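Trainee: Just dropping this structure here.
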Amino acid sequence: LLEGTAIELVDPESAGASAAVVKGAWPGVRQSRGNDAAAGPTGAAWIDSNGWLARLTAVRRPGTAVWIDAPPEGPRVFPDSYLIAIADSAAFGARWILTLDDELAGRIAAREPGALATWNRIAAASRFFADHMGWTGWQPQALVGVVSDFAGANEFLSQELLNLLDRTGMHFRILLKDHLPASPFTGLRAVLYADQQPPSGALRRQILDYVNTGGMLIAAPKWGAGPGRTASQPGHPRFSEKLLGKGRIALCAVEPDDPYVLANDSVVLVSHRYDLVRCWNSGAFSSHYTMAPDRSKAVVHLVFYAGRGPDSASVRITGKWRAAAISTIGDPSPKPVRIETQRDAVEVYLPQVSQYVALQLEG
Amino acid sequence: VKIMACRYSRRQWFSKTASAVSGAWLSRVIPARAAAPAAPVAVARCRTYAPNELLPVMSKMFDQIGGLGRLVKGKTVAVKINLTGAPTYRVGYLPLEDTHYTHPQVIAAAAHLMGKAGARRIRLLESPWATADPVEEYILRANWEPRDMLGASPNVEFENTNFLGSGKKYSRLKVPYGGLMFPAFDLNHSYEDCDVFVSIAKMKEHATAGVTLSMKNCFGITPCTIYGTGAGVDEPSLLPKGGRGLIHSGFRGPSMSAPQELDPRSPREDTWRVPRTVVDLVAARPIHLAIVEGIKTMNGGEGPWIGEELTGVAPGIILAGTNPVNTDAVAMALMGFDPAAVRGTPPFEACDSTLQLAEQAGLGTRDLHQIEIAGTPVAEAKFDFAGIRRKRRASPPPPGKLVG
């Protein structure tokens with residue numbers, strides 16, 4: 001079965017330091033009793049996704065391959081669920097450890113044609129991402145930098161914040177507070193600091209320098225009092241706002257304990273005006289917008305979590321792009337799609353697609 | 001025979017008996033049909049949303065119904081717009097404003113003209129789907145530019161009325177005649193803290209209410225923190241969750257802090273409940289100016305989630321009046337429907353007529369003979385939604401059709 005596929009048979013024990021194996025969630029629209037979609041805080045369907053986890057692990061363990069261990073769960077596993085599982089990891093630079101549900105495994109072993117067709121689609125998905133490994137080195141685009149150690153007392157809030165920012169469609173950069181890269185805040189509209197401990201003096205100075213030059217800091221009260229003058233305009237009801245240099249600081253009025261509220265408030269503070277990707281008729285989806293090192297090309301990975309891919313979805317991507325093409329697992333060779341130029345973005349019109357689309361843009 | 005002797009037409013007889021069958025609730029409606037008021041309605045053709053076409057058309061319409069100045073000068077004007085459904089949901093690839101959202105250029109033009117007419121403050125109100133986010137943030141997701149509306153006149157602002165918003169407490173607005181469904185509603189303060197209330201609706205069919213026009217637009221003034229699927233049980237929830245399934249199906253009551261349904265044994269069918277709730281809302285929060293825009297819209301329902309075959313259409317119609325029942329009656333005629341239609345006849349095949357109930361509640365007449373129509377005659381402006389509906393319903397929808 002593995003012959004000719006991009007699926008590797010690996011003993012986890014022998015993977016050693018070259019792979020970071022992390023426990024994830026079976027991705028998709030979470031089912032509640034009776035097969036209904038479970039709802040999030042607003043009533044919208046709740047999505048389980050490992051994209052944030054794949055990215056966090058990659059930042060924590062640079063240079064290692066990230067493997068997501070998320071076996072199938074739930075009352076029913078559909079053939080397309082495997083495509084979602086593979087794409088949900090691979091779109092964010094990781095690999096899903098292929099784990100078949102018992103029923104499918106048995107049917108494949110019995111060489112049932114339907115089961116073999118599912119297997120072939122799994123193999124095609126694995127092949128697709130293996131053929132495009134180069135994309136994993138492209139730079140993720142982001143509006144917000146989340147600064148934390150993502151561990152200890154901060155683990156729940158900070159990690160859930162990444163998960164929920166993903167759900168709001170906010171594109172973020174993961175910044176380990178003790179291992180910041182060079183120019184960590186370049187290109188960001190805001191930095192989010194929600195840790196329970198105040199930042200070190202050096203980190204505080206670095207962030208305030210960023211604010212002074214026009215950035216925005218969103219922080220928990222533990223950030224502490226700081227410079228700046230109180231904003232005259234009434235701002236967000238759950239934040240007190242200060243102006244500092246060309247930027248502003250939004251301080252949570254009370255210690256945040258609900259990552260959903262903090263994620264959603266952060267998106268409002270930054271504003272949807274700057275959304276990097278907007279999608280219509282997509283249903284529940286994730287997007288990961290990455291750019292080639294020379295910034296002449298980009299790929300927007302779109303993962304659709306519903307039982308079937310969307311029909312007549314359209315996607316707006318910030319940036320000046322002159323051409324767009326899509327590749328899917330079923331049809332890997334890029335196909336041009338209709339594009340409409342807007343003031344600071346393009347809108348792309350997708351045909352009926354499956355659960356994953358690589359939207360490739362050329363400047 | 002006895003009824004005919006009372007000079008009821010067959011249509012009126014059906015109308016009356018349908019009401020009687022609907023239950024004793026209508027006995028609370030005091031005024032008789034003859035008492036229902038009439039006011040002029042202005043109708044205009046307008047082919048595009050270009051401000052150089054739209055502004056003069058709307059300006060003329062407002063003059064034809066008595067002028068904006070007498071209505072808004074020195075006043076705080078609250079404008080309920082229609083942004084139904086999530087902003088991420090389109091009919092095919094069409095922009096939301098070309099199908100089911102009130103077009104931002106119509107909102108901007110109305111705000112501009114109100115400002116010119118001396119309005120002190122113009123407040124654009126909506127209860128966007130399942131969110132307490134500012135309306136500005138919501139419409140950005142629809143690919144709109146809030147500044148187009150905020151900049152239309154000085155002192156224009158938005159408020160999300162799907163929750164407590166910027167108020168200290170909810171405002172209780174009573175239904176003057178006691179209510180068909182609810183005796184009063186707890187609403188965002190914006191619906192009380194205004195001198196003039198305007199409804200700007202999109203001209204559309206509606207799966208539950210037959211049509212959605214200036215009155216049905218006001219269904220969305222109810223905050224989902226109290227009347228939504230995830231409303232708090234005892235007190236309003238902090239954040240709105242889900243839609244208004246609670247009113248639709250009556251599977252539970254609103255938060256206990258709010259006035260409850262008059263008769264918990266009333267029918268649980270949304271086609272019965274929604275029209276009555278709308279009439280109660282319009283009585284509790286009267287509309288001073290009704291604008292219905294059908295320059296571009298959709299047919300088949302009120303939004304992309306409707307299972308019928310949906311298409312974008314361009315009727316090129318806009319109308320306005322100071323009485324919402326009169327205005328909606330003319331709008332129905334412009335759509336090719338009979339405004340006097342009752343349950344069982346298009347577009348009310350399966351539901352009660354909001355117009356009929358509103359007329360019986362004394363809010364306004366739906367009798368076109370009693371309504372002065374200014375501007376373009378109905379026959380010249382008519383766009384045949386009714387005919388399209390007949391054809392559409394004559395053939396089954398394509399199998400496995402995906403909407404959006």
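Labels used: A, B, ... for chains in the order of the structure tokens, numbers from 1 for residues in each chain, and numbers from 1 for ligands as shown.
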Mind dumping a table of every chain B residue within 12 Å of chain A, with the nearest atom pair and its distance in Å to one decimal, using only C-alpha atoms, sorted by chain and rising number, as CSV?
Mentor:
residue,atom,partner,partner_atom,distance
B:Gly85,CA,A:Asn281,CA,11.9
B:Ala86,CA,A:Trp280,CA,9.6
B:Pro87,CA,A:Trp280,CA,7.9
B:Thr88,CA,A:Trp280,CA,4.5
B:Tyr89,CA,A:Asn281,CA,5.0
B:Arg90,CA,A:Asn281,CA,6.2
B:Val91,CA,A:Asn281,CA,8.4
B:Gly92,CA,A:Ser312,CA,5.4
B:Tyr93,CA,A:Ser312,CA,6.2
B:Leu94,CA,A:Ser314,CA,9.5
B:Pro95,CA,A:Trp280,CA,9.6
B:Leu96,CA,A:Trp280,CA,9.9
B:Pro128,CA,A:Thr42,CA,11.6
B:Trp129,CA,A:Thr42,CA,9.0
B:Ala130,CA,A:Thr42,CA,5.4
B:Thr131,CA,A:Thr42,CA,6.6
B:Ala132,CA,A:Thr42,CA,9.3
B:Asp133,CA,A:Val268,CA,7.1
B:Pro134,CA,A:Val268,CA,8.0
B:Val135,CA,A:Val268,CA,10.7
B:Glu136,CA,A:His272,CA,9.0
B:Glu137,CA,A:His272,CA,5.8
B:Tyr138,CA,A:His272,CA,8.0
B:Ile139,CA,A:His272,CA,9.0
B:Leu140,CA,A:Arg273,CA,5.9
B:Arg141,CA,A:His272,CA,6.5
B:Ala142,CA,A:Trp280,CA,8.6
B:Asn143,CA,A:Arg278,CA,8.5
B:Trp144,CA,A:Arg273,CA,9.3
B:Glu145,CA,A:Arg273,CA,8.4
B:Pro146,CA,A:Arg273,CA,9.6
B:Arg147,CA,A:Arg273,CA,11.2
B:Leu164,CA,A:Pro237,CA,11.9
B:Gly165,CA,A:Pro237,CA,9.6
B:Ser166,CA,A:Pro237,CA,8.8
B:Gly167,CA,A:Pro237,CA,11.8
B:Cys224,CA,A:Thr42,CA,10.6
B:Thr225,CA,A:Thr42,CA,10.8
B:Gly228,CA,A:Gly43,CA,10.1
B:Thr229,CA,A:Gly43,CA,8.3
B:Gly230,CA,A:Gly43,CA,7.6
B:Ala231,CA,A:Thr42,CA,10.9
B:Ser237,CA,A:Thr42,CA,11.4
B:Leu238,CA,A:Pro41,CA,11.1
B:Leu239,CA,A:Thr42,CA,7.7
B:Pro240,CA,A:Thr42,CA,6.7
B:Lys241,CA,A:Thr42,CA,4.4
B:Gly242,CA,A:Gly43,CA,4.7
B:Gly243,CA,A:Gly43,CA,8.3
B:Arg244,CA,A:Gly43,CA,11.5
B:Gly245,CA,A:Gly43,CA,11.8
B:Pro304,CA,A:Asn281,CA,9.2
B:Trp305,CA,A:Asn281,CA,10.1
B:Gly400,CA,A:Asp311,CA,11.8
B:Lys401,CA,A:Asp311,CA,9.8
B:Leu402,CA,A:Asp311,CA,6.8
B:Val403,CA,A:Asp311,CA,7.5
B:Gly404,CA,A:Asn281,CA,5.1
Trainee: With DSSP run on the backbone, what are the strand (DSSP E) residues within range 182-381 of chain B? I'd like them as JSON, numbers by chain.
Mentor: {"B": [184, 185, 186, 187, 196, 197, 198, 199, 200, 201, 202, 204, 205, 206, 210, 211, 212, 289, 290, 291, 292, 293, 294, 297, 298, 299, 311, 312, 313, 317, 318, 319, 320, 321, 373, 374, 375]}
Trainee: Please, could you write that set of residues out with C-alpha atoms as an mmCIF file, in the first residue's frame?
Mentor:
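That gives us out_33.cif:
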data_model
loop_
_atom_site.group_PDB
_atom_site.id
_atom_site.type_symbol
_atom_site.label_atom_id
_atom_site.label_comp_id
_atom_site.auth_asym_id
_atom_site.auth_seq_id
_atom_site.Cartn_x
_atom_site.Cartn_y
_atom_site.Cartn_z
ATOM 1 C CA ALA B 184 -43.665 44.706 25.803
ATOM 2 C CA PHE B 185 -40.048 44.226 24.780
ATOM 3 C CA ASP B 186 -36.727 44.870 26.472
ATOM 4 C CA LEU B 187 -34.529 46.506 23.854
ATOM 5 C CA VAL B 196 -37.376 59.703 15.114
ATOM 6 C CA PHE B 197 -37.178 56.055 14.092
ATOM 7 C CA VAL B 198 -36.407 55.043 10.520
ATOM 8 C CA SER B 199 -36.433 51.556 8.994
ATOM 9 C CA ILE B 200 -34.356 51.068 5.845
ATOM 10 C CA ALA B 201 -35.117 47.645 4.453
ATOM 11 C CA LYS B 202 -34.171 45.589 1.442
ATOM 12 C CA LYS B 204 -37.062 40.687 -0.459
ATOM 13 C CA GLU B 205 -39.182 37.617 -0.139
ATOM 14 C CA HIS B 206 -38.971 35.854 3.202
ATOM 15 C CA GLY B 210 -43.604 35.875 2.997
ATOM 16 C CA VAL B 211 -41.925 39.220 2.456
ATOM 17 C CA THR B 212 -39.412 41.246 4.411
ATOM 18 C CA LEU B 289 -40.020 56.831 8.092
ATOM 19 C CA ALA B 290 -39.971 53.595 6.114
ATOM 20 C CA ILE B 291 -37.573 53.182 3.203
ATOM 21 C CA VAL B 292 -37.540 50.030 1.108
ATOM 22 C CA GLU B 293 -34.791 49.648 -1.420
ATOM 23 C CA GLY B 294 -34.940 47.199 -4.261
ATOM 24 C CA THR B 297 -31.747 42.575 -4.402
ATOM 25 C CA MET B 298 -32.407 38.845 -4.545
ATOM 26 C CA ASN B 299 -35.381 36.660 -5.111
ATOM 27 C CA THR B 311 -30.754 34.753 -7.796
ATOM 28 C CA GLY B 312 -29.608 38.322 -7.691
ATOM 29 C CA VAL B 313 -32.022 40.690 -9.428
ATOM 30 C CA ILE B 317 -36.948 50.405 -7.338
ATOM 31 C CA ILE B 318 -36.858 52.477 -4.180
ATOM 32 C CA LEU B 319 -39.763 53.767 -2.138
ATOM 33 C CA ALA B 320 -40.422 55.662 1.062
ATOM 34 C CA GLY B 321 -43.350 56.580 3.261
ATOM 35 C CA ILE B 373 -48.776 57.040 -4.328
ATOM 36 C CA ALA B 374 -46.437 59.766 -5.521
ATOM 37 C CA GLY B 375 -43.729 59.488 -8.163
#
Trainee: Find the spatial neighbours of range 107-114 of chain B, counting only C-alpha atoms, within a cut-off of 6 Å - ignore same-chain residues fewer than 3 positions away - and output them as a PyMOL selection string.
Mentor: chain B and resi 55+104+117+119+149+152-153
